[in-house]
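Participant: There's a structure below that I have some questions on.
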Amino acid sequence: MLTIQHVYKTFNQGTVNEKKVISNLNLHLAPGDFATIIGGNGAGKSTMLNLIAGVFPCDNVAGSSILLDGVNVTRQPEYKRAQLLGRVFQDPMMGTAADMEIQENLAMAYRRGKRRSLRWGITKQEKRIFHEKLKTLGLGLETCMTMKVGLLSGGQRQALTLLMATLKQPKLLLLDEHTAALDPKTAQNILSLTDEIVTRESLTALMVTHNMRDAIRYGNRLIMMNEGKIILDISGEDKKRLSVEDLLEKFGSASGSELVNDRMLLN
Amino acid sequence: MSFLLSIPGAIAQGILWSIMTLGVYLTFRLLNFADMTVDGSFATGGAIAAVAIIRGIDPLLALLLALLVGAVCGAATGFLNTELGIPALLSGILTEIALYSVNIHILGGPNVSLLNVGTVFTRVTSALGCSATVANVLIGLICTAVAVVVMYWFFGTEIGCAIRATGNNEYMVRAFGVNTKSMTMIGLILSNAFVAFSGGLVAESQGYADVGMGIGTIVIGLASLIIGEVLFGSRFNFAYKLCSVVVGSVIYRIIIAAVLYFGLPASDLKLLTAIIVAIALAVPTLMKRIPGKATVLDEQKTPVSK
């Protein structure tokens with residue numbers, strides 16, 4: 001579903017602030033793979049997701065390529081790749097338009113990857129669909145579909161963003177620490193909702209997290225990154241048997257350093 | 001008494017200028033783009049309409065011509081901003097200042113008089129036998145109604161929704177497959193078409209086009225817009241907001257007529273307008289500094305908890 005080959009990303013190239021964030025990244029996801037990604041600060045986790053989404057282009061290196069569902073998107077702009085991708089961001093404010101109604105936000109999402117025309121922006125039939133979909137969140141949002149999204153809490157907005165990202169089934173769902181800005185209880189709710197949606201729709205997904213237990217609990221694959229490279233890729237039964245201690249130890253032996261990240265250890 | 005006599009004229013002015021205000025509302029509020037182009041495109045609209053009429057083009061067609069040229073002005077700013085990556089404010093200023101020279105070329109001098117030439121307004125006065133003010137109000141209302149309907153329809157369509165969303169949250173809109181550059185472009189084109197059309201109407205109504213007629217247009221637009229918002233709030237639906245913009249434009253003209261009546265020199269009007277806008281824009285910030293009010297505002301902003 002996703003194939004990344006020999007991808008590099010350098011920020012501020014040719015300046016004193018030059019920083020290699022991703023170097024020779026290779027990754028293949030089979031359809032239905034739900035991979036969690038962990039790694040220290042600056043490991044390149046978010047950068048990898050942004051490269052897949054096309055927020056910025058990867059370095060112009062011969063042989064670099066990003067394939068999504070067989071389509072070479074390496075040089076495609078962000079808005080074109082959007083038809084293949086569903087995305088949920090760390091900041092709950094980023095995934096929705098605050099001054100627009102819940103149903104208008106959903107209508108935007110419902111047209112992901114479609115050419116916008118002068119047809120009416122939201123139809124009666126769509127409103128019925130949105131009503132049913134909102135019910136599945138169990139937050140009561142279906143009763144206030146004309147409410148402005150800005151009035152929702154962070155957790156509600158993130159749940160809505162998740163629904164919007166998967167409203168039109170994406171080829172790949174990108175979750176960039178989408179529960180990091182939420183309180184622990186809400187974060188767990190959103191995570192189980194994520195798992196439910198990914199399983200129900202059998203989506204292919206990449207989820208960045210700082211929480212090692214979550215990384216072990218969810219998904220069928222675990223990817224550990226360090227200094228712009230994938231240093232560990234565990235799947236299937238091996239992943240199910242992992243413990244937090246194993247991860248810390250594996251990180252030490254694979255990277256030659258300790259996994260120093262307060263947020264990860266505290267979680 | 002003479003103040004009351006000046007009110008109908010002020011209302012007529014307000015209505016003619018309200019189409020410009022709708023254009024400013026489009027960029028400033030919906031697209032979140034402070035577009036300075038309007039200072040230039042308003043005068044360009046006036047210049048195009050006036051020169052077209054002088055050259056024997058039908059006054060109504062002259063207005064449509066102004067509208068088209070206004071669209072091109074918006075596209076110029078859009079190109080500077082989206083394709084060349086020049087910041088929004090500067091893109092508008094560059095187009096505006098360039099248009100100043102262009103407008104002199106169009107006019108062939110600092111101004112063009114429409115004295116003794118037929119305009120859409122003289123047509124109505126001679127056909128209905130009414131006064132110039134009545135003709136202004138009549139034509140102004142028709143054009144404004146059309147503009148409001150067009151905007152109401154357009155911003156309900158898929159493209160319109162995408163433009164509103166672009167003004168709200170670019171990242172989200174791109175993630176849902178919208179080319180935000182195109183949306184910014186369309187918004188600027190539409191806005192400046194409205195502004196130039198309004199300029200054309202004003203030129204035909206006052207009987208001349210002048211290279212300086214656009215100076216301060218953006219500030220007048222913002223003042224009208226904010227007066228409308230303060231008086232009518234952001235209740236109800238989109239149509240209500242559009243109408244409040246139009247009424248704001250009329251009230252702005254009445255305020256101007258009033259201060260002129262009370263002896264303010266006409267040359268101080270720009271200063272007054274700037275002060276009105278500055279105060280109106282500062283109110284939200286100042287409210288936060290008042291201790292009692294601050295909590296209320298913050299509570300409103302805090303999202304409803306689950």
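Ligands are numbered from 1 in the order shown, chains are lettered A, B, ... in the order of the structure tokens, and residues start at 1 in each chain.
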Write out as a ChimeraX atom specification all residues of segment 178-237 of chain B that DSSP puts in helix (DSSP H, G or I) for this structure's backbone.
Facilitator: /B:180-206,217-232
Participant: Output the selection as a PDB file, in the first residue's frame - C-alpha atoms for each residue.
Facilitator:
ATOM      1  CA  THR B 180      -5.437  26.587  -1.453  1.00  0.00           C
ATOM      2  CA  LYS B 181      -3.588  28.729  -4.008  1.00  0.00           C
ATOM      3  CA  SER B 182      -6.481  28.474  -6.441  1.00  0.00           C
ATOM      4  CA  MET B 183      -8.951  29.288  -3.684  1.00  0.00           C
ATOM      5  CA  THR B 184      -7.012  32.424  -2.697  1.00  0.00           C
ATOM      6  CA  MET B 185      -6.903  33.392  -6.378  1.00  0.00           C
ATOM      7  CA  ILE B 186     -10.645  32.937  -6.899  1.00  0.00           C
ATOM      8  CA  GLY B 187     -11.414  34.907  -3.736  1.00  0.00           C
ATOM      9  CA  LEU B 188      -9.232  37.836  -4.779  1.00  0.00           C
ATOM     10  CA  ILE B 189     -10.651  37.880  -8.308  1.00  0.00           C
ATOM     11  CA  LEU B 190     -14.229  37.901  -7.093  1.00  0.00           C
ATOM     12  CA  SER B 191     -13.562  40.512  -4.408  1.00  0.00           C
ATOM     13  CA  ASN B 192     -11.823  42.955  -6.721  1.00  0.00           C
ATOM     14  CA  ALA B 193     -14.458  42.481  -9.405  1.00  0.00           C
ATOM     15  CA  PHE B 194     -17.030  43.654  -6.853  1.00  0.00           C
ATOM     16  CA  VAL B 195     -14.812  46.534  -5.752  1.00  0.00           C
ATOM     17  CA  ALA B 196     -14.170  47.756  -9.301  1.00  0.00           C
ATOM     18  CA  PHE B 197     -17.857  47.455 -10.156  1.00  0.00           C
ATOM     19  CA  SER B 198     -18.623  49.603  -7.130  1.00  0.00           C
ATOM     20  CA  GLY B 199     -15.966  52.095  -8.306  1.00  0.00           C
ATOM     21  CA  GLY B 200     -17.659  52.227 -11.694  1.00  0.00           C
ATOM     22  CA  LEU B 201     -21.040  52.882 -10.111  1.00  0.00           C
ATOM     23  CA  VAL B 202     -19.638  55.644  -7.921  1.00  0.00           C
ATOM     24  CA  ALA B 203     -17.904  57.292 -10.894  1.00  0.00           C
ATOM     25  CA  GLU B 204     -21.103  57.237 -12.945  1.00  0.00           C
ATOM     26  CA  SER B 205     -23.096  58.526 -10.009  1.00  0.00           C
ATOM     27  CA  GLN B 206     -20.787  61.434  -9.131  1.00  0.00           C
ATOM     28  CA  THR B 217     -11.059  52.467   0.108  1.00  0.00           C
ATOM     29  CA  ILE B 218      -9.826  49.559   2.236  1.00  0.00           C
ATOM     30  CA  VAL B 219     -10.250  51.589   5.412  1.00  0.00           C
ATOM     31  CA  ILE B 220     -13.746  52.717   4.428  1.00  0.00           C
ATOM     32  CA  GLY B 221     -14.576  49.099   3.631  1.00  0.00           C
ATOM     33  CA  LEU B 222     -13.283  47.900   6.979  1.00  0.00           C
ATOM     34  CA  ALA B 223     -15.057  50.698   8.856  1.00  0.00           C
ATOM     35  CA  SER B 224     -18.369  49.832   7.175  1.00  0.00           C
ATOM     36  CA  LEU B 225     -17.841  46.138   7.761  1.00  0.00           C
ATOM     37  CA  ILE B 226     -17.035  46.577  11.437  1.00  0.00           C
ATOM     38  CA  ILE B 227     -19.902  49.012  12.035  1.00  0.00           C
ATOM     39  CA  GLY B 228     -22.222  46.390  10.553  1.00  0.00           C
ATOM     40  CA  GLU B 229     -20.764  43.635  12.718  1.00  0.00           C
ATOM     41  CA  VAL B 230     -20.844  45.686  15.918  1.00  0.00           C
ATOM     42  CA  LEU B 231     -24.463  46.731  15.395  1.00  0.00           C
ATOM     43  CA  PHE B 232     -25.822  43.421  14.171  1.00  0.00           C
TER      44      PHE B 232
END
Participant: Which chain B residues have any atom within 7 Å of an atom of chain A, and for each, what is the nearest pair of atoms with distance in Å to one decimal, counting only C-alpha atoms, rows sorted by chain and number, as a tab-separated table?
Facilitator:
residue	atom	partner	partner_atom	distance
B:Gly156	CA	A:Gly121	CA	5.5
B:Thr157	CA	A:Trp120	CA	4.2
B:Glu158	CA	A:Gly121	CA	4.0
B:Ile159	CA	A:Arg116	CA	5.4
B:Cys161	CA	A:Gly121	CA	6.2
B:Ala165	CA	A:Ala97	CA	6.1
B:Asn168	CA	A:Ala97	CA	5.6
B:Asn169	CA	A:Ala97	CA	5.5
B:Tyr171	CA	A:Met94	CA	6.6
B:Met172	CA	A:Gly95	CA	5.1
B:Arg174	CA	A:Tyr79	CA	4.9
B:Ala175	CA	A:Ala82	CA	5.5
B:Phe176	CA	A:Arg112	CA	4.6
B:Gly177	CA	A:Tyr79	CA	4.1
B:Val178	CA	A:Tyr79	CA	5.5
B:Asn179	CA	A:Tyr79	CA	5.7
B:Pro303	CA	A:Ser153	CA	4.6
B:Val304	CA	A:Ser153	CA	5.3
B:Ser305	CA	A:Ser153	CA	5.3
B:Lys306	CA	A:Ser153	CA	6.6
Participant: Any chance you could export the current selection's N, CA and C atoms as an mmCIF file, in the first residue's frame?
Facilitator:
data_model
loop_
_atom_site.group_PDB
_atom_site.id
_atom_site.type_symbol
_atom_site.label_atom_id
_atom_site.label_comp_id
_atom_site.auth_asym_id
_atom_site.auth_seq_id
_atom_site.Cartn_x
_atom_site.Cartn_y
_atom_site.Cartn_z
ATOM 1 N N GLY B 156 -22.146 29.028 -0.807
ATOM 2 C CA GLY B 156 -22.805 27.771 -0.427
ATOM 3 C C GLY B 156 -22.359 26.628 -1.313
ATOM 4 N N THR B 157 -21.669 26.942 -2.412
ATOM 5 C CA THR B 157 -21.232 25.879 -3.324
ATOM 6 C C THR B 157 -19.953 25.219 -2.800
ATOM 7 N N GLU B 158 -19.576 24.147 -3.465
ATOM 8 C CA GLU B 158 -18.376 23.411 -3.041
ATOM 9 C C GLU B 158 -17.147 24.314 -3.069
ATOM 10 N N ILE B 159 -16.996 25.086 -4.153
ATOM 11 C CA ILE B 159 -15.829 25.980 -4.249
ATOM 12 C C ILE B 159 -15.910 27.054 -3.177
ATOM 13 N N CYS B 161 -17.419 26.929 -0.286
ATOM 14 C CA CYS B 161 -17.116 26.331 1.023
ATOM 15 C C CYS B 161 -15.606 26.150 1.169
ATOM 16 N N ALA B 165 -13.213 27.693 4.003
ATOM 17 C CA ALA B 165 -12.367 26.816 4.816
ATOM 18 C C ALA B 165 -10.901 27.224 4.689
ATOM 19 N N ASN B 168 -10.112 29.802 6.958
ATOM 20 C CA ASN B 168 -10.205 29.309 8.330
ATOM 21 C C ASN B 168 -9.004 28.493 8.746
ATOM 22 N N ASN B 169 -8.621 27.542 7.909
ATOM 23 C CA ASN B 169 -7.573 26.601 8.267
ATOM 24 C C ASN B 169 -6.986 25.974 7.004
ATOM 25 N N TYR B 171 -4.231 24.343 6.451
ATOM 26 C CA TYR B 171 -3.657 22.996 6.575
ATOM 27 C C TYR B 171 -4.727 21.944 6.374
ATOM 28 N N MET B 172 -5.851 22.167 7.042
ATOM 29 C CA MET B 172 -6.937 21.205 6.972
ATOM 30 C C MET B 172 -7.461 21.104 5.549
ATOM 31 N N ARG B 174 -5.955 21.723 2.715
ATOM 32 C CA ARG B 174 -5.029 20.998 1.836
ATOM 33 C C ARG B 174 -5.104 19.499 2.090
ATOM 34 N N ALA B 175 -5.247 19.147 3.379
ATOM 35 C CA ALA B 175 -5.337 17.729 3.727
ATOM 36 C C ALA B 175 -6.578 17.094 3.111
ATOM 37 N N PHE B 176 -7.576 17.905 2.766
ATOM 38 C CA PHE B 176 -8.762 17.369 2.116
ATOM 39 C C PHE B 176 -8.765 17.652 0.618
ATOM 40 N N GLY B 177 -7.565 17.865 0.096
ATOM 41 C CA GLY B 177 -7.417 17.874 -1.354
ATOM 42 C C GLY B 177 -7.813 19.156 -2.060
ATOM 43 N N VAL B 178 -7.784 20.283 -1.354
ATOM 44 C CA VAL B 178 -8.111 21.545 -2.016
ATOM 45 C C VAL B 178 -6.819 22.305 -2.292
ATOM 46 N N ASN B 179 -6.701 22.822 -3.506
ATOM 47 C CA ASN B 179 -5.555 23.645 -3.853
ATOM 48 C C ASN B 179 -5.798 25.040 -3.283
ATOM 49 N N PRO B 303 -13.359 25.663 25.023
ATOM 50 C CA PRO B 303 -14.309 24.740 24.420
ATOM 51 C C PRO B 303 -15.162 24.038 25.479
ATOM 52 N N VAL B 304 -16.346 23.669 25.070
ATOM 53 C CA VAL B 304 -17.244 22.925 25.951
ATOM 54 C C VAL B 304 -16.579 21.598 26.292
ATOM 55 N N SER B 305 -16.494 21.289 27.563
ATOM 56 C CA SER B 305 -15.848 20.015 27.901
ATOM 57 C C SER B 305 -16.833 18.869 27.726
ATOM 58 N N LYS B 306 -16.267 17.723 27.572
ATOM 59 C CA LYS B 306 -17.089 16.567 27.226
ATOM 60 C C LYS B 306 -17.923 16.097 28.416
#
Participant: Could you pull out the strand (DSSP E or B) residues of segment 126-234 of chain A, going by DSSP on the backbone, and write them as an MDAnalysis selection string?
Facilitator: chainID A and resid 148 172:176 205:208 221:226 229:234
Participant: Mind dumping the selected residues with C-alpha atoms as a PDB file, in the first residue's frame?
Facilitator:
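What landed in selection.pdb:
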ATOM      1  CA  LYS A 148     -19.442  25.706  14.995  1.00  0.00           C
ATOM      2  CA  LEU A 172      -3.438   5.187   4.124  1.00  0.00           C
ATOM      3  CA  LEU A 173      -4.309   6.822   7.423  1.00  0.00           C
ATOM      4  CA  LEU A 174      -1.597   9.010   8.975  1.00  0.00           C
ATOM      5  CA  LEU A 175      -1.899   9.668  12.696  1.00  0.00           C
ATOM      6  CA  ASP A 176       0.742  12.066  13.972  1.00  0.00           C
ATOM      7  CA  ALA A 205      -2.416   3.102   9.042  1.00  0.00           C
ATOM      8  CA  LEU A 206       0.726   4.685  10.462  1.00  0.00           C
ATOM      9  CA  MET A 207       0.460   5.973  14.022  1.00  0.00           C
ATOM     10  CA  VAL A 208       3.196   8.003  15.691  1.00  0.00           C
ATOM     11  CA  ARG A 221       3.532  -3.731  13.516  1.00  0.00           C
ATOM     12  CA  LEU A 222       5.887  -1.605  15.555  1.00  0.00           C
ATOM     13  CA  ILE A 223       8.517   0.604  13.982  1.00  0.00           C
ATOM     14  CA  MET A 224      11.239   2.309  15.973  1.00  0.00           C
ATOM     15  CA  MET A 225      13.101   5.253  14.499  1.00  0.00           C
ATOM     16  CA  ASN A 226      16.349   6.948  15.413  1.00  0.00           C
ATOM     17  CA  LYS A 229      16.331   5.739  10.109  1.00  0.00           C
ATOM     18  CA  ILE A 230      14.150   2.781  10.975  1.00  0.00           C
ATOM     19  CA  ILE A 231      16.158   0.798  13.532  1.00  0.00           C
ATOM     20  CA  LEU A 232      13.550  -1.746  14.506  1.00  0.00           C
ATOM     21  CA  ASP A 233      10.554  -3.246  12.698  1.00  0.00           C
ATOM     22  CA  ILE A 234       8.639  -5.907  14.596  1.00  0.00           C
TER      23      ILE A 234
END
Participant: Given the choices A:Asn220, A:Thr143, A:Asn72, A:Ser65, which gets closest to Asp195 of chain A if the distance is worked out from only C-alpha atoms?
Facilitator: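 Comparing A:Asn220, A:Thr143, A:Asn72, A:Ser65 against Asp195 of chain A, the winner is A:Asn220.
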Participant: Taking 6 positions as the minimum chain separation for residues in the same chain, which residues sit within 8 Å of Arg164 of chain B when counting only C-alpha atoms? Answer as a list in words.
Facilitator: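 Listing them by chain and then by number gives Leu30, Leu31 and Phe155 of chain B.
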Participant: Using C-alpha atoms, can you export the residues from the last selection as a PDB file, in the first residue's frame?
Facilitator:
ATOM      1  CA  LEU B  30     -13.957  34.898   4.585  1.00  0.00           C
ATOM      2  CA  LEU B  31     -10.507  34.466   3.048  1.00  0.00           C
ATOM      3  CA  PHE B 155     -20.313  30.606  -0.740  1.00  0.00           C
TER       4      PHE B 155
END
Participant: Show which residues sit within 12 Å of Thr10 of chain A, as an MDAnalysis selection string. Count only C-alpha atoms, and ignore same-chain residues fewer than 5 positions away.
Facilitator: chainID A and resid 15 17:24 44 47:48 51 56:61 227:228
Participant: To one decimal place, how far is atom CA of Leu63 of chain B from atom CA of Gly118 of chain B in Å?
Facilitator: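 Interatomic distance, atom CA of Leu63 of chain B to atom CA of Gly118 of chain B: 13.2 Å.
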Participant: Could you jot down the atom CA of Ser249 of chain B to atom CA of Ser18 of chain B separation for me, Å, one decimal place?
Facilitator: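 That distance, rounded to one decimal, is 5.3 Å.
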Participant: Compare B:Gly109, B:Glu83, B:Glu170, B:Gly46 by their minimum atom-to-atom distance to Leu65 of chain B, counting only C-alpha atoms, and give me the closest one.
Facilitator: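 Nearest candidate to Leu65 of chain B out of B:Gly109, B:Glu83, B:Glu170, B:Gly46: B:Gly46.
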Participant: Need to verify the contact set: Val117 of chain B, 9 Å, only C-alpha atoms, exclusion of same-chain residues closer than 2 positions in sequence. Can you return it as a ChimeraX atom specification?
Facilitator: /B:53-54,113-115,119,122,207
Participant: Between atom CA of Lys45 of chain A and atom CA of Ser202 of chain A, what is the distance, to one decimal in Å?
Facilitator: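 Between these atoms lies a distance of 23.1 Å.
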Participant: Skip Ile215 of chain B itself and residues of its chain fewer than 3 positions away, then list as a PyMOL selection string all residues within 10 Å of it, counting only C-alpha atoms.
Facilitator: chain B and resi 38-40+42-43+96+100+211-212+218-220+270
Participant: What's around Leu141 of chain A at 9 Å? Count only C-alpha atoms, leave out sequence neighbours fewer than 5 positions away in its own chain, and write the answer as a count of residues only.
Facilitator: 7
